[in-house]
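Pasting query.cif here (mmCIF, C-alpha atoms):
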data_structure
loop_
_atom_site.label_atom_id
_atom_site.label_comp_id
_atom_site.auth_asym_id
_atom_site.auth_seq_id
_atom_site.Cartn_x
_atom_site.Cartn_y
_atom_site.Cartn_z
CA MET A 1 5.02 7.01 36.78
CA ALA A 2 3.34 3.76 37.44
CA ALA A 3 2.56 1.35 34.67
CA VAL A 4 0.22 -1.54 34.65
CA THR A 5 1.20 -4.43 32.45
CA GLU A 6 -1.59 -6.38 30.88
CA PRO A 7 -1.50 -10.08 31.54
CA ARG A 8 -1.03 -11.93 28.27
CA ASN A 9 -2.45 -15.24 26.90
CA ARG A 10 -5.97 -14.80 28.03
CA THR A 11 -8.19 -17.55 26.81
CA LYS A 12 -11.87 -17.75 27.22
CA LYS A 13 -11.75 -21.29 28.49
CA THR A 14 -10.19 -20.47 31.81
CA ARG A 15 -12.37 -19.58 34.68
CA ARG A 16 -12.67 -15.96 35.49
CA ARG A 17 -10.14 -15.32 38.17
CA ILE A 18 -9.34 -12.15 39.96
CA LYS A 19 -7.08 -10.38 37.58
CA ARG A 20 -3.45 -10.34 38.75
CA VAL A 21 -1.97 -7.13 37.71
CA GLY A 22 1.77 -6.66 37.70
CA ILE A 23 2.55 -3.22 38.95
CA ARG A 24 5.71 -1.52 37.95
CA LEU A 25 6.50 1.55 39.96
CA ASP A 26 9.04 4.09 38.83
CA MET A 27 11.10 4.56 41.94
CA THR A 28 13.53 7.09 40.52
CA PRO A 29 12.12 10.22 42.22
CA MET A 30 11.89 8.44 45.57
CA VAL A 31 15.46 7.24 45.31
CA ASP A 32 16.53 10.75 44.35
CA VAL A 33 14.97 12.21 47.44
CA ALA A 34 16.33 9.43 49.62
CA PHE A 35 19.87 9.98 48.42
CA LEU A 36 19.54 13.71 48.80
CA LEU A 37 18.50 13.31 52.42
CA LEU A 38 21.19 10.69 52.96
CA THR A 39 23.90 13.03 51.72
CA PHE A 40 22.50 15.85 53.82
CA PHE A 41 22.54 13.87 57.04
CA MET A 42 25.95 12.41 56.32
CA VAL A 43 27.41 15.86 55.84
CA THR A 44 25.76 17.55 58.80
CA THR A 45 26.36 14.80 61.33
CA ALA A 46 29.02 15.64 63.90
CA PHE A 47 30.60 12.32 64.74
CA ARG A 48 33.81 13.65 66.14
CA ARG A 49 33.24 15.20 69.51
CA PRO A 50 36.18 17.33 70.56
CA GLN A 51 38.50 15.80 73.13
CA THR A 52 40.18 17.50 76.04
CA ILE A 53 43.44 17.76 77.90
CA GLU A 54 42.74 18.41 81.53
CA ILE A 55 45.19 20.45 83.53
CA THR A 56 45.12 21.15 87.22
CA LEU A 57 46.10 24.58 88.41
CA PRO A 58 47.75 25.06 91.79
CA LYS A 59 45.60 26.39 94.59
CA GLU A 60 46.38 29.98 95.46
CA ALA A 61 47.71 29.09 98.88
CA LEU A 62 50.02 26.53 97.35
CA GLN A 63 51.23 28.97 94.76
CA ARG A 64 52.50 31.40 97.36
CA ARG A 65 54.33 28.77 99.34
CA GLU A 66 57.79 27.82 98.24
CA ILE A 67 58.27 24.14 97.73
CA GLN A 68 61.69 22.60 97.93
CA VAL A 69 62.35 20.21 95.09
CA GLN A 70 65.53 18.36 94.30
CA GLU A 71 67.10 19.70 91.16
CA SER A 72 67.63 16.20 89.80
CA ASN A 73 63.86 15.70 89.66
CA ILE A 74 63.27 18.67 87.41
CA LEU A 75 63.11 18.62 83.66
CA GLN A 76 62.90 22.03 82.08
CA ILE A 77 61.56 22.55 78.58
CA ALA A 78 62.11 25.96 77.05
CA VAL A 79 60.37 27.15 73.89
CA THR A 80 61.43 30.31 72.14
CA GLU A 81 59.15 32.47 70.05
CA ARG A 82 60.73 30.94 66.93
CA HIS A 83 59.50 27.62 68.29
CA GLU A 84 62.97 26.23 68.95
CA LEU A 85 62.99 23.73 71.77
CA PHE A 86 65.57 23.25 74.50
CA PHE A 87 65.64 21.01 77.50
CA LYS A 88 67.63 20.90 80.70
CA SER A 89 67.50 17.81 82.84
CA GLY A 90 68.49 18.39 86.45
CA GLY A 91 71.96 19.87 86.65
CA ASP A 92 72.88 19.00 83.06
CA ALA A 93 73.57 21.56 80.41
CA LEU A 94 70.87 23.01 78.21
CA LYS A 95 70.47 20.99 75.02
CA PRO A 96 68.45 21.65 71.89
CA THR A 97 65.71 19.23 70.94
CA ASP A 98 62.92 18.81 68.43
CA PRO A 99 59.13 18.68 68.89
CA ASN A 100 59.15 15.16 67.43
CA ASN A 101 61.64 13.91 70.02
CA LEU A 102 59.69 15.06 73.05
CA PHE A 103 57.88 11.78 73.59
CA GLU A 104 61.15 9.79 73.73
CA LEU A 105 62.70 12.47 75.90
CA PHE A 106 59.90 12.22 78.45
CA ILE A 107 60.12 8.42 78.47
CA ASP A 108 63.90 8.42 78.95
CA GLU A 109 63.83 11.04 81.66
CA SER A 110 61.01 9.26 83.48
CA GLU A 111 62.81 5.92 83.42
CA ARG A 112 65.97 7.58 84.70
CA ASN A 113 63.98 9.24 87.42
CA LEU A 114 62.37 5.96 88.47
CA LYS A 115 65.79 4.30 88.66
CA ARG A 116 67.32 7.12 90.64
CA ASN A 117 64.68 7.33 93.33
CA GLU A 118 64.71 3.92 94.96
CA GLY A 119 61.77 3.99 97.31
CA ALA A 120 59.21 1.71 98.83
CA ALA A 121 56.14 2.21 96.66
CA PHE A 122 56.52 2.43 92.92
CA LYS A 123 54.43 5.55 92.73
CA ASP A 124 56.65 7.38 95.21
CA ARG A 125 59.65 6.74 93.05
CA TYR A 126 58.31 8.88 90.28
CA ARG A 127 59.17 12.42 91.23
CA LEU A 128 59.77 14.01 87.86
CA ILE A 129 58.39 17.52 87.49
CA VAL A 130 58.32 19.00 84.02
CA VAL A 131 58.63 22.76 83.91
CA VAL A 132 57.37 24.10 80.60
CA LYS A 133 58.67 27.57 79.86
CA LEU A 134 57.31 29.37 76.85
CA GLU A 135 58.02 32.79 75.48
CA PRO A 136 54.86 34.94 75.45
CA LYS A 137 54.87 35.12 71.63
CA CYS A 138 54.88 31.33 71.40
CA ARG A 139 51.89 29.60 69.85
CA TYR A 140 49.36 27.88 72.08
CA GLU A 141 49.63 24.87 69.76
CA MET A 142 53.15 24.27 71.06
CA LEU A 143 51.97 24.09 74.67
CA VAL A 144 49.26 21.59 73.78
CA HIS A 145 51.76 19.51 71.84
CA ILE A 146 54.16 19.35 74.80
CA LEU A 147 51.42 18.48 77.29
CA ASP A 148 50.02 15.88 74.93
CA ASP A 149 53.41 14.20 74.53
CA LEU A 150 53.91 14.22 78.28
CA ASN A 151 50.50 12.64 78.87
CA GLN A 152 51.18 10.02 76.23
CA ALA A 153 54.59 9.24 77.70
CA VAL A 154 53.19 8.74 81.18
CA ASP A 155 50.38 6.59 79.78
CA SER A 156 52.94 4.46 78.03
CA LEU A 157 54.96 4.17 81.24
CA ASN A 158 51.88 2.91 83.02
CA THR A 159 51.38 0.19 80.43
CA ARG A 160 55.09 -0.63 80.34
CA HIS A 161 55.17 -1.21 84.09
CA ARG A 162 51.78 -2.90 84.06
CA LEU A 163 50.16 -0.49 86.43
CA SER A 164 46.48 -1.14 85.90
CA ASP A 165 45.33 -0.14 89.37
CA PRO A 166 44.37 3.56 89.17
CA ARG A 167 45.77 4.19 92.65
CA GLU A 168 49.14 2.85 91.62
CA GLN A 169 49.35 4.65 88.33
CA LEU A 170 51.85 7.39 87.66
CA PHE A 171 50.54 10.77 86.62
CA PRO A 172 52.34 13.65 84.98
CA ARG A 173 53.37 16.59 87.07
CA PHE A 174 54.12 19.81 85.31
CA THR A 175 54.00 23.56 85.64
CA ILE A 176 53.61 26.11 82.89
CA THR A 177 55.41 29.45 83.10
CA ARG A 178 56.57 32.27 80.92
CA LEU A 179 60.09 32.34 79.61
CA THR A 180 61.39 35.84 80.26
CA GLU A 181 64.74 37.58 80.42
CA ARG A 182 64.84 37.08 84.16
CA ASP A 183 64.75 33.33 83.76
CA PRO A 184 67.98 31.52 84.74
CA LEU A 185 67.81 29.63 81.44
CA TRP A 186 67.66 32.79 79.35
CA PRO A 187 71.43 33.45 78.96
CA PHE A 188 71.99 29.88 77.78
CA ILE A 189 69.52 30.01 74.92
CA PRO A 190 71.34 30.74 71.67
CA ARG A 191 69.96 33.73 69.81
CA LYS A 192 69.94 33.82 66.07
CA GLN A 193 70.04 37.23 64.50
CA MET B 1 26.43 -4.59 1.78
CA ALA B 2 24.20 -3.30 4.39
CA ARG B 3 25.68 -3.26 7.82
CA ILE B 4 23.95 -5.36 10.39
CA LYS B 5 22.51 -3.12 13.00
CA LYS B 6 23.21 -4.05 16.53
CA ALA B 7 20.04 -4.70 18.35
CA ARG B 8 19.44 -2.21 21.14
CA VAL B 9 18.70 -4.02 24.31
CA GLY B 10 16.68 -2.22 26.93
CA ILE B 11 18.30 -2.82 30.29
CA ARG B 12 16.15 -2.95 33.34
CA LEU B 13 18.10 -2.88 36.54
CA ASP B 14 16.56 -4.03 39.77
CA MET B 15 17.21 -1.13 42.09
CA THR B 16 15.42 -2.60 45.10
CA PRO B 17 18.52 -3.67 47.08
CA MET B 18 20.19 -0.33 46.46
CA VAL B 19 17.13 1.53 47.64
CA ASP B 20 16.96 -0.74 50.68
CA VAL B 21 20.51 0.11 51.66
CA ALA B 22 19.99 3.79 50.97
CA PHE B 23 16.98 3.93 53.21
CA LEU B 24 18.74 1.96 55.90
CA LEU B 25 21.59 4.45 55.92
CA LEU B 26 19.16 7.32 55.80
CA THR B 27 17.28 6.08 58.85
CA PHE B 28 20.53 5.48 60.67
CA PHE B 29 21.85 8.96 60.02
CA MET B 30 18.52 10.57 60.80
CA SER B 31 18.32 8.89 64.16
CA THR B 32 21.92 9.36 65.21
CA THR B 33 22.37 12.93 64.06
CA THR B 34 23.11 15.63 66.51
CA PHE B 35 23.35 18.78 64.53
CA ARG B 36 26.57 20.67 64.65
CA PRO B 37 25.86 23.76 66.69
CA PRO B 38 26.40 26.83 64.58
CA GLU B 39 29.83 28.20 65.34
CA GLU B 40 29.51 31.81 66.27
CA VAL B 41 33.23 32.20 66.67
CA PRO B 42 35.37 30.24 64.21
CA VAL B 43 38.24 28.67 66.10
CA ASP B 44 40.85 26.25 64.80
CA ILE B 45 41.58 24.16 67.88
CA PRO B 46 44.84 22.21 68.20
CA ASP B 47 45.21 18.43 67.88
CA SER B 48 46.01 15.96 70.62
CA ARG B 49 45.88 12.22 71.17
CA SER B 50 43.99 12.59 74.42
CA LYS B 51 40.93 10.39 74.71
CA LEU B 52 39.33 12.28 77.55
CA LYS B 53 35.82 13.47 76.79
CA LEU B 54 34.77 17.02 77.39
CA PRO B 55 32.44 17.61 80.32
CA THR B 56 28.88 18.33 79.24
CA ALA B 57 27.22 19.74 82.36
CA GLN B 58 27.92 23.00 84.16
CA VAL B 59 30.16 24.14 81.38
CA LEU B 60 31.58 27.60 80.92
CA THR B 61 33.66 27.90 77.77
CA ILE B 62 36.25 30.61 77.32
CA ILE B 63 37.08 31.11 73.66
CA ALA B 64 40.26 32.78 72.49
CA ASP B 65 40.29 33.35 68.75
CA HIS B 66 43.35 33.99 66.61
CA GLN B 67 42.89 37.75 66.90
CA LYS B 68 43.32 37.55 70.68
CA GLN B 69 39.66 38.42 71.24
CA LEU B 70 38.10 36.56 74.14
CA TRP B 71 34.56 35.22 74.15
CA LEU B 72 32.38 33.63 76.75
CA HIS B 73 30.17 30.75 75.73
CA ILE B 74 27.39 29.16 77.77
CA GLU B 75 25.20 26.44 76.30
CA ALA B 76 22.53 26.43 79.02
CA GLN B 77 20.04 29.10 78.06
CA SER B 78 18.64 29.77 81.53
CA VAL B 79 22.12 30.49 82.87
CA ARG B 80 23.06 32.52 79.84
CA GLN B 81 20.14 34.85 80.41
CA LYS B 82 21.40 35.67 83.87
CA VAL B 83 25.07 36.00 83.00
CA PHE B 84 25.08 37.74 79.65
CA GLY B 85 23.94 41.32 79.71
CA VAL B 86 21.31 43.01 77.58
CA GLY B 87 21.91 42.64 73.86
CA TYR B 88 23.44 39.18 74.03
CA GLN B 89 20.28 37.18 74.70
CA LYS B 90 20.06 35.51 71.33
CA THR B 91 23.63 34.32 70.94
CA ALA B 92 25.42 31.66 72.96
CA SER B 93 28.67 33.62 72.97
CA ARG B 94 29.53 37.16 73.89
CA PRO B 95 32.83 39.02 73.68
CA VAL B 96 34.61 39.78 76.94
CA THR B 97 37.83 41.38 77.99
CA LEU B 98 40.34 39.85 80.35
CA GLU B 99 39.42 42.40 83.01
CA GLU B 100 35.72 41.49 82.82
CA LEU B 101 36.41 37.78 83.08
CA PRO B 102 36.46 37.43 86.92
CA GLY B 103 33.07 39.14 87.19
CA PHE B 104 31.54 36.88 84.56
CA ILE B 105 32.96 33.77 86.21
CA GLU B 106 31.36 34.82 89.47
CA MET B 107 28.03 35.42 87.73
CA ALA B 108 28.26 32.07 85.95
CA ARG B 109 28.88 30.33 89.27
CA ASN B 110 25.82 31.95 90.77
CA GLY B 111 23.83 31.22 87.62
CA PHE B 112 24.67 27.53 87.60
CA ALA B 113 23.94 27.28 91.34
CA THR B 114 20.36 28.46 90.88
CA ILE B 115 19.30 26.02 88.17
CA PRO B 116 17.76 22.73 89.36
CA GLY B 117 20.40 20.09 89.92
CA GLY B 118 23.19 22.61 89.50
CA SER B 119 25.92 23.81 91.78
CA SER B 120 28.51 26.56 91.80
CA ASP B 121 31.07 23.96 90.81
CA ILE B 122 31.66 24.87 87.18
CA ASN B 123 33.68 23.14 84.49
CA VAL B 124 35.85 25.58 82.62
CA ILE B 125 36.78 24.71 79.05
CA LEU B 126 39.40 26.71 77.24
CA LYS B 127 38.73 26.70 73.52
CA ALA B 128 41.67 28.51 72.03
CA ASP B 129 42.87 28.83 68.48
CA ARG B 130 46.12 27.02 67.78
CA HIS B 131 47.69 30.27 66.61
CA THR B 132 46.89 32.18 69.79
CA ASP B 133 49.91 33.55 71.63
CA PHE B 134 50.88 31.79 74.84
CA ASP B 135 50.70 35.22 76.46
CA VAL B 136 46.89 35.24 76.14
CA ILE B 137 46.59 31.69 77.48
CA ASP B 138 48.85 32.46 80.43
CA ARG B 139 46.79 35.51 81.35
CA ILE B 140 43.55 33.50 81.24
CA LEU B 141 45.09 30.78 83.40
CA GLY B 142 46.20 33.49 85.82
CA VAL B 143 42.65 34.80 86.11
CA LEU B 144 41.28 31.28 86.64
CA ARG B 145 43.88 30.62 89.32
CA ASP B 146 42.85 33.80 91.11
CA GLU B 147 39.23 32.69 90.84
CA LYS B 148 40.21 29.42 92.56
CA ILE B 149 39.33 27.32 89.57
CA THR B 150 41.79 24.47 89.80
CA SER B 151 40.84 22.38 86.79
CA VAL B 152 40.80 23.57 83.20
CA HIS B 153 40.02 21.61 80.06
CA PHE B 154 41.91 22.45 76.89
CA MET B 155 39.62 21.65 73.99
CA THR B 156 41.44 19.66 71.31
CA ASN B 157 40.66 17.62 68.22
CA LEU B 158 41.61 13.99 68.06
CA GLU B 159 44.77 13.70 65.98
CA MET B 160 44.43 11.35 63.06
#

Rewritten as C-alpha cells:
Amino acid sequence: MAAVTEPRNRTKKTRRRIKRVGIRLDMTPMVDVAFLLLTFFMVTTAFRRPQTIEITLPKEALQRREIQVQESNILQIAVTERHELFFKSGGDALKPTDPNNLFELFIDESERNLKRNEGAAFKDRYRLIVVVKLEPKCRYEMLVHILDDLNQAVDSLNTRHRLSDPREQLFPRFTITRLTERDPLWPFIPRKQ
Amino acid sequence: MARIKKARVGIRLDMTPMVDVAFLLLTFFMSTTTFRPPEEVPVDIPDSRSKLKLPTAQVLTIIADHQKQLWLHIEAQSVRQKVFGVGYQKTASRPVTLEELPGFIEMARNGFATIPGGSSDINVILKADRHTDFDVIDRILGVLRDEKITSVHFMTNLEM
C-alpha cells in the first residue's frame, strides 16, 4: 500500500540529519471509492424540479351567471378523440389545424384582436377568450400542450409590445370544456370512418 | 540475428489533479443533493415550457395515473396523519375515488389549518399522466370548482 523509498547516496562524511523519507502512497482504493460515491450522487441528484402551469377556475357564483361576450372575441379550439385539431375564430368557418401551428395561430388571433378593439388602455384592447373543447377520450397531454402554447404566445406578445410592467401585461383567458354531441361545433367536425 | 527487445518502461502517472477534481465534484454533489423522493405512484407527466415553480407549502397533490386511478399525496407528515385513514400512515399517497375527493379536501384544509404557520388555504397540484383521458381531468376540475378551489397547478416537466 504505502512504500518508503530509501534515500540514496549516503556518505559518512555528511552530518547526521533527520532522515527525509519520501512517502509514496497508493491512492487507487481511495480514488475508487471517491468515484463510486461521485457516480452515486450524480445519479441520485434531482436537479430538475418539475414546473407547473397554473390555471384559475371560475368561482361557483360566476359559473352560474351568464356572461355576454362578443362572438368576434372568441377563439374556439376543438380536439377530437383522434387528436385532430380544429379552430373557429369568431364567426368564421371551422378550419382544421395542427398541434404545431397553435402557437402561430394564437399570436395571429391575438394581434387581430388587439387591432380590432381600439380602446384607451392597451390591456383593455385584449379581449380574446380561448375556448378549449376536448372530447372526453382525448389525452390530457393535448390539453397541456394547448395551454402551454397559449401561455407562450401571450408571453411573446408581452415582449413584442414591450410590456414590462406587470399591471400592464396581457394574460391569457381561456375556458376548458367537454366537446359533446350537443356542442354547436359538433356537426361541422368531419368524421372519418 | 537476435531481435532487439523493446525496453519496457514503467509509467507512473500523477493522479493528484484528477483526484482533486473528483473530490471537488464529490463534495459538491454531496452538499447539493436532495434525494429524489421515492415515487409511490409512477406517473409520466407531460412537458411544457412553463417556468413557473411548483408551490412547496400547503400542498395537496392529486395524482391521476394512466389507469385512471386517483391518488392523494401529502408531503407534510403531521397533516397526513390526520387526513389519511388507518392503514395509510406509512405512505405519502393513498388511493381515493372521485366521490371521496371532496371529503378528503375538506379534511386536508382542516389539517393544514391546525399546523403552526398553516392556514386552510391549500395549494392543489394536479399530477396527471400524459395518457390520462381528459374525462378524468374534467371531473377532477369539476370537484375542485365545487370545493371553491380556484387555482390549480398542472405539474409538468420542462421541455428540452

### Task
Pull out every residue that the PyMOL selection byres ((chain A) within 9 of (chain B)) matches in the shown coordinates and put them as a ChimeraX atom specification.
/A:27,30-31,34-35,37-39,41-42,44-60,134-145,147-149,151-152,176-178

Residues of the last selection are to be written out with C-alpha atoms, as a short mmCIF file (atom, residue, chain, number, x, y, z; two decimals), in the coordinates of the input.
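Heads up, here's the output in selection-v1.cif:
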data_model
loop_
_atom_site.label_atom_id
_atom_site.label_comp_id
_atom_site.auth_asym_id
_atom_site.auth_seq_id
_atom_site.Cartn_x
_atom_site.Cartn_y
_atom_site.Cartn_z
CA MET A 27 11.10 4.56 41.94
CA MET A 30 11.89 8.44 45.57
CA VAL A 31 15.46 7.24 45.31
CA ALA A 34 16.33 9.43 49.62
CA PHE A 35 19.87 9.98 48.42
CA LEU A 37 18.50 13.31 52.42
CA LEU A 38 21.19 10.69 52.96
CA THR A 39 23.90 13.03 51.72
CA PHE A 41 22.54 13.87 57.04
CA MET A 42 25.95 12.41 56.32
CA THR A 44 25.76 17.55 58.80
CA THR A 45 26.36 14.80 61.33
CA ALA A 46 29.02 15.64 63.90
CA PHE A 47 30.60 12.32 64.74
CA ARG A 48 33.81 13.65 66.14
CA ARG A 49 33.24 15.20 69.51
CA PRO A 50 36.18 17.33 70.56
CA GLN A 51 38.50 15.80 73.13
CA THR A 52 40.18 17.50 76.04
CA ILE A 53 43.44 17.76 77.90
CA GLU A 54 42.74 18.41 81.53
CA ILE A 55 45.19 20.45 83.53
CA THR A 56 45.12 21.15 87.22
CA LEU A 57 46.10 24.58 88.41
CA PRO A 58 47.75 25.06 91.79
CA LYS A 59 45.60 26.39 94.59
CA GLU A 60 46.38 29.98 95.46
CA LEU A 134 57.31 29.37 76.85
CA GLU A 135 58.02 32.79 75.48
CA PRO A 136 54.86 34.94 75.45
CA LYS A 137 54.87 35.12 71.63
CA CYS A 138 54.88 31.33 71.40
CA ARG A 139 51.89 29.60 69.85
CA TYR A 140 49.36 27.88 72.08
CA GLU A 141 49.63 24.87 69.76
CA MET A 142 53.15 24.27 71.06
CA LEU A 143 51.97 24.09 74.67
CA VAL A 144 49.26 21.59 73.78
CA HIS A 145 51.76 19.51 71.84
CA LEU A 147 51.42 18.48 77.29
CA ASP A 148 50.02 15.88 74.93
CA ASP A 149 53.41 14.20 74.53
CA ASN A 151 50.50 12.64 78.87
CA GLN A 152 51.18 10.02 76.23
CA ILE A 176 53.61 26.11 82.89
CA THR A 177 55.41 29.45 83.10
CA ARG A 178 56.57 32.27 80.92
#

### Message
Could you list, as JSON, numbers by chain, every residue within 7 Å of region 109-122 of chain B, counting all atoms listed in the file and ignoring same-chain residues fewer than 6 positions away?
### Response
{"B": [58, 59, 60, 79, 82, 83]}

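On the file presented, the PyMOL selection byres ((chain A and resi 126) around 9) picks out Asn73, Ser110, Glu111, Asn113, Leu114, Lys115, Asn117, Phe122, Lys123, Asp124, Arg125, Arg127, Leu128, Leu170 and Phe171 of chain A.
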
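If you measure from each of B:Met107, B:Ala57, B:Val96, B:Ile62 to Arg80 (chain B) using only C-alpha atoms, the closest one turns out to be B:Met107.
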
### Summary
note - CA of Phe174 (chain A) and CA of Gln76 (chain A) are separated by 9.6 Å
